[in-house]
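Structure file input39.pdb (PDB, N, CA and C atoms) follows.
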```
MODEL        1
ATOM      1  N   MET A   1     205.886  65.514  95.441
ATOM      2  CA  MET A   1     206.291  65.828  94.089
ATOM      3  C   MET A   1     205.421  66.960  93.541
ATOM      4  N   LYS A   2     205.994  67.750  92.707
ATOM      5  CA  LYS A   2     205.268  68.830  92.074
ATOM      6  C   LYS A   2     204.283  68.245  91.060
ATOM      7  N   GLY A   3     203.033  68.681  91.112
ATOM      8  CA  GLY A   3     202.023  68.214  90.180
ATOM      9  C   GLY A   3     201.090  67.176  90.765
ATOM     10  N   VAL A   4     201.439  66.578  91.890
ATOM     11  CA  VAL A   4     200.589  65.573  92.529
ATOM     12  C   VAL A   4     199.506  66.286  93.323
ATOM     13  N   THR A   5     198.245  65.914  93.080
ATOM     14  CA  THR A   5     197.138  66.529  93.811
ATOM     15  C   THR A   5     196.540  65.603  94.864
ATOM     16  N   GLN A   6     196.662  64.285  94.657
ATOM     17  CA  GLN A   6     196.064  63.347  95.608
ATOM     18  C   GLN A   6     196.825  62.030  95.568
ATOM     19  N   VAL A   7     196.947  61.397  96.739
ATOM     20  CA  VAL A   7     197.594  60.089  96.854
ATOM     21  C   VAL A   7     196.685  59.183  97.668
ATOM     22  N   GLU A   8     196.409  57.991  97.135
ATOM     23  CA  GLU A   8     195.597  56.998  97.852
ATOM     24  C   GLU A   8     196.413  55.728  98.017
ATOM     25  N   VAL A   9     196.408  55.181  99.222
ATOM     26  CA  VAL A   9     197.138  53.951  99.512
ATOM     27  C   VAL A   9     196.132  52.856  99.823
ATOM     28  N   ASN A  10     196.263  51.722  99.140
ATOM     29  CA  ASN A  10     195.413  50.569  99.379
ATOM     30  C   ASN A  10     196.323  49.387  99.728
ATOM     31  N   PRO A  11     196.588  49.161 101.030
ATOM     32  CA  PRO A  11     197.520  48.094 101.403
ATOM     33  C   PRO A  11     197.007  46.695 101.096
ATOM     34  N   LYS A  12     195.702  46.514 101.054
ATOM     35  CA  LYS A  12     195.148  45.190 100.781
ATOM     36  C   LYS A  12     195.501  44.724  99.373
ATOM     37  N   GLN A  13     195.463  45.636  98.393
ATOM     38  CA  GLN A  13     195.797  45.292  97.020
ATOM     39  C   GLN A  13     197.243  45.624  96.677
ATOM     40  N   HIS A  14     198.001  46.117  97.650
ATOM     41  CA  HIS A  14     199.386  46.548  97.415
ATOM     42  C   HIS A  14     199.415  47.583  96.300
ATOM     43  N   LYS A  15     198.571  48.610  96.445
ATOM     44  CA  LYS A  15     198.370  49.580  95.375
ATOM     45  C   LYS A  15     198.502  50.997  95.911
ATOM     46  N   LEU A  16     199.232  51.819  95.185
ATOM     47  CA  LEU A  16     199.377  53.235  95.481
ATOM     48  C   LEU A  16     198.858  54.003  94.277
ATOM     49  N   THR A  17     197.867  54.860  94.485
ATOM     50  CA  THR A  17     197.294  55.635  93.393
ATOM     51  C   THR A  17     197.727  57.083  93.540
ATOM     52  N   VAL A  18     198.346  57.608  92.492
ATOM     53  CA  VAL A  18     198.800  58.999  92.480
ATOM     54  C   VAL A  18     197.988  59.728  91.417
ATOM     55  N   ILE A  19     197.332  60.814  91.814
ATOM     56  CA  ILE A  19     196.501  61.590  90.903
ATOM     57  C   ILE A  19     197.113  62.976  90.743
ATOM     58  N   GLY A  20     197.207  63.414  89.496
ATOM     59  CA  GLY A  20     197.755  64.734  89.209
ATOM     60  C   GLY A  20     198.403  64.752  87.843
ATOM     61  N   TYR A  21     199.088  65.835  87.556
ATOM     62  CA  TYR A  21     199.773  65.991  86.274
ATOM     63  C   TYR A  21     201.254  65.734  86.479
ATOM     64  N   VAL A  22     201.628  64.458  86.460
ATOM     65  CA  VAL A  22     203.016  64.050  86.639
ATOM     66  C   VAL A  22     203.337  62.936  85.647
ATOM     67  N   ASP A  23     204.610  62.776  85.376
ATOM     68  CA  ASP A  23     205.063  61.709  84.493
ATOM     69  C   ASP A  23     205.051  60.398  85.284
ATOM     70  N   PRO A  24     204.364  59.346  84.772
ATOM     71  CA  PRO A  24     204.298  58.076  85.516
ATOM     72  C   PRO A  24     205.678  57.474  85.790
ATOM     73  N   ASN A  25     206.609  57.615  84.852
ATOM     74  CA  ASN A  25     207.943  57.049  85.069
ATOM     75  C   ASN A  25     208.684  57.766  86.194
ATOM     76  N   LYS A  26     208.483  59.071  86.331
ATOM     77  CA  LYS A  26     209.113  59.807  87.429
ATOM     78  C   LYS A  26     208.539  59.369  88.778
ATOM     79  N   VAL A  27     207.236  59.125  88.808
ATOM     80  CA  VAL A  27     206.605  58.644  90.045
ATOM     81  C   VAL A  27     207.158  57.272  90.406
ATOM     82  N   LEU A  28     207.275  56.374  89.411
ATOM     83  CA  LEU A  28     207.820  55.039  89.675
ATOM     84  C   LEU A  28     209.243  55.120  90.205
ATOM     85  N   ASN A  29     210.067  55.919  89.573
ATOM     86  CA  ASN A  29     211.454  56.051  90.027
ATOM     87  C   ASN A  29     211.527  56.617  91.440
ATOM     88  N   ARG A  30     210.671  57.592  91.750
ATOM     89  CA  ARG A  30     210.674  58.190  93.092
ATOM     90  C   ARG A  30     210.238  57.180  94.145
ATOM     91  N   VAL A  31     209.201  56.404  93.847
ATOM     92  CA  VAL A  31     208.717  55.396  94.803
ATOM     93  C   VAL A  31     209.780  54.318  95.009
ATOM     94  N   ARG A  32     210.400  53.866  93.923
ATOM     95  CA  ARG A  32     211.462  52.850  94.042
ATOM     96  C   ARG A  32     212.622  53.365  94.875
ATOM     97  N   HIS A  33     213.001  54.612  94.650
ATOM     98  CA  HIS A  33     214.147  55.188  95.360
ATOM     99  C   HIS A  33     213.832  55.405  96.846
ATOM    100  N   ARG A  34     212.662  55.958  97.134
ATOM    101  CA  ARG A  34     212.311  56.285  98.523
ATOM    102  C   ARG A  34     212.008  55.058  99.372
ATOM    103  N   THR A  35     211.346  54.051  98.772
ATOM    104  CA  THR A  35     210.959  52.885  99.567
ATOM    105  C   THR A  35     211.962  51.747  99.480
ATOM    106  N   GLY A  36     212.729  51.705  98.404
ATOM    107  CA  GLY A  36     213.661  50.595  98.218
ATOM    108  C   GLY A  36     212.965  49.313  97.793
ATOM    109  N   LYS A  37     211.716  49.435  97.364
ATOM    110  CA  LYS A  37     210.942  48.258  96.945
ATOM    111  C   LYS A  37     210.655  48.321  95.453
ATOM    112  N   LYS A  38     210.245  47.175  94.921
ATOM    113  CA  LYS A  38     209.878  47.091  93.507
ATOM    114  C   LYS A  38     208.542  47.798  93.294
ATOM    115  N   ALA A  39     208.440  48.582  92.236
ATOM    116  CA  ALA A  39     207.193  49.278  91.907
ATOM    117  C   ALA A  39     206.950  49.170  90.408
ATOM    118  N   ASP A  40     205.711  48.876  90.030
ATOM    119  CA  ASP A  40     205.306  48.774  88.634
ATOM    120  C   ASP A  40     203.998  49.522  88.451
ATOM    121  N   LEU A  41     203.692  49.862  87.207
ATOM    122  CA  LEU A  41     202.392  50.447  86.921
ATOM    123  C   LEU A  41     201.312  49.393  87.124
ATOM    124  N   TRP A  42     200.147  49.808  87.589
ATOM    125  CA  TRP A  42     199.036  48.897  87.844
ATOM    126  C   TRP A  42     198.587  48.292  86.513
ATOM    127  N   PRO A  43     198.656  46.966  86.357
ATOM    128  CA  PRO A  43     198.375  46.363  85.047
ATOM    129  C   PRO A  43     196.891  46.135  84.762
ATOM    130  N   TYR A  44     196.012  46.501  85.681
ATOM    131  CA  TYR A  44     194.597  46.189  85.510
ATOM    132  C   TYR A  44     193.766  47.447  85.263
ATOM    133  N   VAL A  45     192.703  47.290  84.499
ATOM    134  CA  VAL A  45     191.731  48.354  84.235
ATOM    135  C   VAL A  45     190.339  47.770  84.449
ATOM    136  N   PRO A  46     189.326  48.615  84.670
ATOM    137  CA  PRO A  46     187.965  48.081  84.790
ATOM    138  C   PRO A  46     187.569  47.320  83.525
ATOM    139  N   TYR A  47     186.828  46.231  83.698
ATOM    140  CA  TYR A  47     186.536  45.342  82.572
ATOM    141  C   TYR A  47     185.689  46.015  81.493
ATOM    142  N   ASP A  48     184.945  47.057  81.829
ATOM    143  CA  ASP A  48     184.119  47.707  80.815
ATOM    144  C   ASP A  48     184.908  48.676  79.939
ATOM    145  N   VAL A  49     186.180  48.897  80.233
ATOM    146  CA  VAL A  49     187.032  49.764  79.417
ATOM    147  C   VAL A  49     187.623  48.986  78.242
ATOM    148  N   VAL A  50     187.834  47.680  78.424
ATOM    149  CA  VAL A  50     188.451  46.838  77.400
ATOM    150  C   VAL A  50     187.369  46.321  76.458
ATOM    151  N   ASP A  51     187.678  46.295  75.149
ATOM    152  CA  ASP A  51     186.691  45.844  74.165
ATOM    153  C   ASP A  51     186.295  44.387  74.348
ATOM    154  N   HIS A  52     187.265  43.515  74.618
ATOM    155  CA  HIS A  52     187.015  42.077  74.752
ATOM    156  C   HIS A  52     187.615  41.599  76.077
ATOM    157  N   PRO A  53     186.890  41.779  77.201
ATOM    158  CA  PRO A  53     187.486  41.487  78.504
ATOM    159  C   PRO A  53     187.740  40.008  78.778
ATOM    160  N   TYR A  54     187.085  39.106  78.067
ATOM    161  CA  TYR A  54     187.282  37.691  78.350
ATOM    162  C   TYR A  54     188.085  36.984  77.270
ATOM    163  N   ALA A  55     188.743  37.733  76.420
ATOM    164  CA  ALA A  55     189.616  37.145  75.410
ATOM    165  C   ALA A  55     190.893  36.652  76.083
ATOM    166  N   PRO A  56     191.518  35.627  75.519
ATOM    167  CA  PRO A  56     192.779  35.152  76.099
ATOM    168  C   PRO A  56     193.800  36.277  76.133
ATOM    169  N   GLY A  57     194.427  36.432  77.254
ATOM    170  CA  GLY A  57     195.418  37.483  77.409
ATOM    171  C   GLY A  57     194.924  38.637  78.253
ATOM    172  N   SER A  58     193.627  38.920  78.211
ATOM    173  CA  SER A  58     193.137  40.035  79.020
ATOM    174  C   SER A  58     192.542  39.545  80.338
ATOM    175  N   TYR A  59     191.887  38.389  80.328
ATOM    176  CA  TYR A  59     191.321  37.865  81.566
ATOM    177  C   TYR A  59     192.440  37.293  82.424
ATOM    178  N   ASP A  60     192.470  37.680  83.679
ATOM    179  CA  ASP A  60     193.518  37.252  84.595
ATOM    180  C   ASP A  60     192.878  36.853  85.915
ATOM    181  N   LYS A  61     193.149  35.644  86.376
ATOM    182  CA  LYS A  61     192.565  35.163  87.631
ATOM    183  C   LYS A  61     193.077  35.928  88.842
ATOM    184  N   LYS A  62     194.251  36.548  88.726
ATOM    185  CA  LYS A  62     194.830  37.292  89.845
ATOM    186  C   LYS A  62     194.260  38.700  89.973
ATOM    187  N   ALA A  63     193.527  39.153  88.972
ATOM    188  CA  ALA A  63     192.985  40.514  88.983
ATOM    189  C   ALA A  63     191.905  40.652  90.043
ATOM    190  N   PRO A  64     191.780  41.825  90.644
ATOM    191  CA  PRO A  64     190.688  42.052  91.595
ATOM    192  C   PRO A  64     189.337  41.971  90.887
ATOM    193  N   PRO A  65     188.260  41.756  91.617
ATOM    194  CA  PRO A  65     186.939  41.662  90.978
ATOM    195  C   PRO A  65     186.608  42.918  90.187
ATOM    196  N   GLY A  66     186.104  42.721  88.971
ATOM    197  CA  GLY A  66     185.731  43.842  88.126
ATOM    198  C   GLY A  66     186.860  44.408  87.295
ATOM    199  N   TYR A  67     188.043  43.811  87.374
ATOM    200  CA  TYR A  67     189.202  44.305  86.635
ATOM    201  C   TYR A  67     189.763  43.214  85.724
ATOM    202  N   VAL A  68     190.345  43.635  84.604
ATOM    203  CA  VAL A  68     191.051  42.743  83.692
ATOM    204  C   VAL A  68     192.390  43.389  83.345
ATOM    205  N   ARG A  69     193.260  42.603  82.746
ATOM    206  CA  ARG A  69     194.578  43.103  82.365
ATOM    207  C   ARG A  69     194.443  44.103  81.217
ATOM    208  N   ASN A  70     195.207  45.182  81.272
ATOM    209  CA  ASN A  70     195.189  46.193  80.220
ATOM    210  C   ASN A  70     196.011  45.683  79.041
ATOM    211  N   VAL A  71     195.345  45.260  77.984
ATOM    212  CA  VAL A  71     196.020  44.643  76.844
ATOM    213  C   VAL A  71     196.136  45.562  75.638
ATOM    214  N   MET A  72     195.614  46.756  75.726
ATOM    215  CA  MET A  72     195.606  47.632  74.565
ATOM    216  C   MET A  72     197.015  48.041  74.135
ATOM    217  N   TYR A  73     197.945  48.163  75.041
ATOM    218  CA  TYR A  73     199.294  48.589  74.702
ATOM    219  C   TYR A  73     200.324  47.498  74.971
ATOM    220  N   ASP A  74     199.856  46.267  75.173
ATOM    221  CA  ASP A  74     200.748  45.149  75.470
ATOM    222  C   ASP A  74     200.961  44.326  74.201
ATOM    223  N   PRO A  75     202.165  44.345  73.626
ATOM    224  CA  PRO A  75     202.391  43.596  72.388
ATOM    225  C   PRO A  75     202.362  42.083  72.584
ATOM    226  N   GLN A  76     202.484  41.611  73.812
ATOM    227  CA  GLN A  76     202.501  40.178  74.074
ATOM    228  C   GLN A  76     201.095  39.601  74.239
ATOM    229  N   ALA A  77     200.086  40.455  74.348
ATOM    230  CA  ALA A  77     198.713  39.976  74.502
ATOM    231  C   ALA A  77     198.213  39.417  73.174
ATOM    232  N   SER A  78     197.198  38.591  73.248
ATOM    233  CA  SER A  78     196.688  37.981  72.023
ATOM    234  C   SER A  78     196.058  39.026  71.118
ATOM    235  N   ALA A  79     196.073  38.749  69.829
ATOM    236  CA  ALA A  79     195.527  39.699  68.857
ATOM    237  C   ALA A  79     194.012  39.840  69.018
ATOM    238  N   LEU A  80     193.334  38.795  69.486
ATOM    239  CA  LEU A  80     191.887  38.864  69.659
ATOM    240  C   LEU A  80     191.513  39.857  70.759
ATOM    241  N   ALA A  81     192.346  39.968  71.766
ATOM    242  CA  ALA A  81     192.058  40.901  72.848
ATOM    243  C   ALA A  81     192.129  42.346  72.373
ATOM    244  N   ARG A  82     192.930  42.613  71.333
ATOM    245  CA  ARG A  82     193.068  43.964  70.798
ATOM    246  C   ARG A  82     192.284  44.161  69.508
ATOM    247  N   ALA A  83     191.438  43.218  69.142
ATOM    248  CA  ALA A  83     190.716  43.275  67.874
ATOM    249  C   ALA A  83     189.694  44.412  67.861
ATOM    250  N   THR A  84     189.546  45.033  66.720
ATOM    251  CA  THR A  84     188.534  46.079  66.563
ATOM    252  C   THR A  84     187.187  45.424  66.267
ATOM    253  N   SER A  85     186.127  46.210  66.294
ATOM    254  CA  SER A  85     184.806  45.640  66.034
ATOM    255  C   SER A  85     184.698  45.122  64.601
ATOM    256  N   PHE A  86     185.378  45.751  63.639
ATOM    257  CA  PHE A  86     185.364  45.271  62.263
ATOM    258  C   PHE A  86     186.014  43.898  62.164
ATOM    259  N   GLU A  87     187.135  43.706  62.856
ATOM    260  CA  GLU A  87     187.815  42.409  62.832
ATOM    261  C   GLU A  87     186.963  41.325  63.470
ATOM    262  N   VAL A  88     186.274  41.665  64.530
ATOM    263  CA  VAL A  88     185.413  40.688  65.195
ATOM    264  C   VAL A  88     184.259  40.304  64.274
ATOM    265  N   LYS A  89     183.669  41.277  63.583
ATOM    266  CA  LYS A  89     182.555  40.976  62.671
ATOM    267  C   LYS A  89     183.001  40.064  61.537
ATOM    268  N   THR A  90     184.184  40.317  60.990
ATOM    269  CA  THR A  90     184.636  39.500  59.858
ATOM    270  C   THR A  90     185.049  38.100  60.300
ATOM    271  N   THR A  91     185.579  37.952  61.486
ATOM    272  CA  THR A  91     185.987  36.615  61.928
ATOM    273  C   THR A  91     184.794  35.784  62.389
ATOM    274  N   THR A  92     183.742  36.423  62.882
ATOM    275  CA  THR A  92     182.568  35.669  63.327
ATOM    276  C   THR A  92     181.549  35.455  62.218
ATOM    277  N   ALA A  93     181.795  36.001  61.032
ATOM    278  CA  ALA A  93     180.846  35.828  59.924
ATOM    279  C   ALA A  93     180.727  34.360  59.524
ATOM    280  N   PHE A  94     181.781  33.594  59.671
ATOM    281  CA  PHE A  94     181.766  32.184  59.294
ATOM    282  C   PHE A  94     181.858  31.264  60.515
ATOM    283  N   SER A  95     181.484  31.759  61.672
ATOM    284  CA  SER A  95     181.577  30.990  62.906
ATOM    285  C   SER A  95     180.437  29.985  63.023
ATOM    286  N   ASP A  96     180.727  28.840  63.621
ATOM    287  CA  ASP A  96     179.693  27.839  63.843
ATOM    288  C   ASP A  96     178.727  28.256  64.945
ATOM    289  N   GLU A  97     179.178  29.122  65.861
ATOM    290  CA  GLU A  97     178.317  29.562  66.958
ATOM    291  C   GLU A  97     177.359  30.667  66.532
ATOM    292  N   ASN A  98     177.574  31.274  65.372
ATOM    293  CA  ASN A  98     176.730  32.348  64.899
ATOM    294  C   ASN A  98     175.588  31.768  64.077
ATOM    295  N   PRO A  99     174.326  31.876  64.521
ATOM    296  CA  PRO A  99     173.216  31.290  63.784
ATOM    297  C   PRO A  99     172.949  32.006  62.457
ATOM    298  N   ASN A 100     173.404  33.235  62.306
ATOM    299  CA  ASN A 100     173.183  33.993  61.084
ATOM    300  C   ASN A 100     174.420  33.984  60.183
ATOM    301  N   ALA A 101     175.329  33.064  60.419
ATOM    302  CA  ALA A 101     176.591  33.031  59.680
ATOM    303  C   ALA A 101     176.366  32.560  58.246
ATOM    304  N   CYS A 102     177.301  32.950  57.402
ATOM    305  CA  CYS A 102     177.276  32.487  56.019
ATOM    306  C   CYS A 102     177.726  31.056  55.953
ATOM    307  N   SER A 103     177.229  30.345  55.002
ATOM    308  CA  SER A 103     177.713  28.987  54.794
ATOM    309  C   SER A 103     177.973  28.799  53.302
ATOM    310  N   VAL A 104     179.089  28.204  53.007
ATOM    311  CA  VAL A 104     179.468  27.954  51.623
ATOM    312  C   VAL A 104     179.402  26.455  51.405
ATOM    313  N   MET A 105     178.649  26.054  50.415
ATOM    314  CA  MET A 105     178.512  24.625  50.141
ATOM    315  C   MET A 105     179.032  24.296  48.775
TER     316      MET A 105
ENDMDL
END
```
Using the file provided, produce a representation of the structure as structure tokens.
Amino acid sequence: MKGVTQVEVNPKQHKLTVIGYVDPNKVLNRVRHRTGKKADLWPYVPYDVVDHPYAPGSYDKKAPPGYVRNVMYDPQASALARATSFEVKTTTAFSDENPNACSVM
């Protein structure tokens, strides 16, 4: 394909990595057409890229070591997995696990 600079095949993870300036949907359609097999975008990213890697919805037991599910653009993932740092600070302000939390009596 025009725009592809590098292709890496990892048969152990059933993963094909295409590097270059190409439209991901065009690559998916080409792979599906040429191989006759199902192809999807890789749903995992390194765990240090996600703000809350162990929140429900992002942690996946099927993910390879060091990877979690990419929840930033997934509307079905839990809201906590996509929470900003401001939202986390406000929700943990009254948490029982936070020793510096506010208490109202």
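Nearest to Asp23 of chain A of all the residues A:Asn10, A:Lys2, A:Asp60, A:Tyr47 is A:Lys2, based on all atoms listed in the file.
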| request: Taking the file above as input, evaluate the PyMOL selection byres (((chain A and resi 32-41 and name CA) around 12) and name CA) and report the hits as a list in words. | output: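 On this input, the PyMOL selection byres (((chain A and resi 32-41 and name CA) around 12) and name CA) captures His14, Lys15, Leu16, Thr17, Val18, Asp23, Pro24, Asn25, Lys26, Val27, Leu28, Asn29, Arg30, Val31, Trp42, Pro43, Tyr44, Val45, Arg69 and Asn70 of chain A.
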| remark: Separating atom CA of Pro46 of chain A from atom CA of Gly3 of chain A, to the nearest tenth of an Å, is a gap of 25.1 Å
Residue completion, segment 25-36 of chain A, all heavy atoms, as a CSV table (one decimal), keeping the file's coordinate frame:
```csv
chain,number,residue,atom,x,y,z
A,25,ASN,N,206.6,57.6,84.9
A,25,ASN,CA,207.9,57.0,85.1
A,25,ASN,C,208.7,57.8,86.2
A,25,ASN,O,209.4,57.1,87.0
A,25,ASN,CB,208.8,57.1,83.8
A,25,ASN,CG,208.2,56.2,82.7
A,25,ASN,OD1,207.7,55.1,83.0
A,25,ASN,ND2,208.2,56.6,81.5
A,26,LYS,N,208.5,59.1,86.3
A,26,LYS,CA,209.1,59.8,87.4
A,26,LYS,C,208.5,59.4,88.8
A,26,LYS,O,209.3,59.2,89.8
A,26,LYS,CB,208.9,61.3,87.2
A,26,LYS,CG,209.8,61.9,86.1
A,26,LYS,CD,209.6,63.4,86.0
A,26,LYS,CE,210.5,64.0,84.9
A,26,LYS,NZ,210.3,65.4,84.8
A,27,VAL,N,207.2,59.1,88.8
A,27,VAL,CA,206.6,58.6,90.0
A,27,VAL,C,207.2,57.3,90.4
A,27,VAL,O,207.5,57.0,91.6
A,27,VAL,CB,205.1,58.6,89.9
A,27,VAL,CG1,204.4,57.9,91.1
A,27,VAL,CG2,204.5,60.0,89.7
A,28,LEU,N,207.3,56.4,89.4
A,28,LEU,CA,207.8,55.0,89.7
A,28,LEU,C,209.2,55.1,90.2
A,28,LEU,O,209.6,54.4,91.2
A,28,LEU,CB,207.8,54.2,88.4
A,28,LEU,CG,206.5,53.6,88.0
A,28,LEU,CD1,206.6,52.8,86.7
A,28,LEU,CD2,206.0,52.6,89.1
A,29,ASN,N,210.1,55.9,89.6
A,29,ASN,CA,211.5,56.1,90.0
A,29,ASN,C,211.5,56.6,91.4
A,29,ASN,O,212.3,56.2,92.3
A,29,ASN,CB,212.3,56.9,89.1
A,29,ASN,CG,212.5,56.2,87.8
A,29,ASN,OD1,212.5,55.0,87.7
A,29,ASN,ND2,212.7,57.0,86.7
A,30,ARG,N,210.7,57.6,91.8
A,30,ARG,CA,210.7,58.2,93.1
A,30,ARG,C,210.2,57.2,94.1
A,30,ARG,O,210.8,57.1,95.2
A,30,ARG,CB,209.7,59.4,93.1
A,30,ARG,CG,209.7,60.2,94.4
A,30,ARG,CD,210.6,61.4,94.3
A,30,ARG,NE,210.5,62.2,95.4
A,30,ARG,CZ,210.2,63.5,95.4
A,30,ARG,NH1,209.9,64.0,94.3
A,30,ARG,NH2,210.2,64.1,96.6
A,31,VAL,N,209.2,56.4,93.8
A,31,VAL,CA,208.7,55.4,94.8
A,31,VAL,C,209.8,54.3,95.0
A,31,VAL,O,210.0,53.9,96.1
A,31,VAL,CB,207.4,54.8,94.3
A,31,VAL,CG1,207.0,53.6,95.1
A,31,VAL,CG2,206.3,55.8,94.4
A,32,ARG,N,210.4,53.9,93.9
A,32,ARG,CA,211.5,52.8,94.0
A,32,ARG,C,212.6,53.4,94.9
A,32,ARG,O,213.2,52.6,95.7
A,32,ARG,CB,212.0,52.5,92.7
A,32,ARG,CG,211.0,51.6,91.9
A,32,ARG,CD,211.5,51.4,90.5
A,32,ARG,NE,210.5,50.7,89.6
A,32,ARG,CZ,210.4,50.9,88.3
A,32,ARG,NH1,211.2,51.6,87.7
A,32,ARG,NH2,209.5,50.2,87.7
A,33,HIS,N,213.0,54.6,94.6
A,33,HIS,CA,214.1,55.2,95.4
A,33,HIS,C,213.8,55.4,96.8
A,33,HIS,O,214.6,55.1,97.7
A,33,HIS,CB,214.5,56.5,94.7
A,33,HIS,CG,215.7,57.2,95.4
A,33,HIS,ND1,217.0,56.7,95.4
A,33,HIS,CD2,215.7,58.3,96.2
A,33,HIS,CE1,217.7,57.5,96.1
A,33,HIS,NE2,216.9,58.5,96.6
A,34,ARG,N,212.7,56.0,97.1
A,34,ARG,CA,212.3,56.3,98.5
A,34,ARG,C,212.0,55.1,99.4
A,34,ARG,O,212.3,55.0,100.5
A,34,ARG,CB,211.1,57.2,98.6
A,34,ARG,CG,211.4,58.6,98.0
A,34,ARG,CD,212.1,59.4,99.1
A,34,ARG,NE,212.5,60.7,98.6
A,34,ARG,CZ,212.0,61.8,99.1
A,34,ARG,NH1,211.1,61.8,100.0
A,34,ARG,NH2,212.4,63.0,98.6
A,35,THR,N,211.3,54.1,98.8
A,35,THR,CA,211.0,52.9,99.6
A,35,THR,C,212.0,51.7,99.5
A,35,THR,O,212.0,50.9,100.4
A,35,THR,CB,209.6,52.3,99.1
A,35,THR,OG1,209.7,51.9,97.8
A,35,THR,CG2,208.5,53.4,99.3
A,36,GLY,N,212.7,51.7,98.4
A,36,GLY,CA,213.7,50.6,98.2
A,36,GLY,C,213.0,49.3,97.8
A,36,GLY,O,213.5,48.2,97.9
```
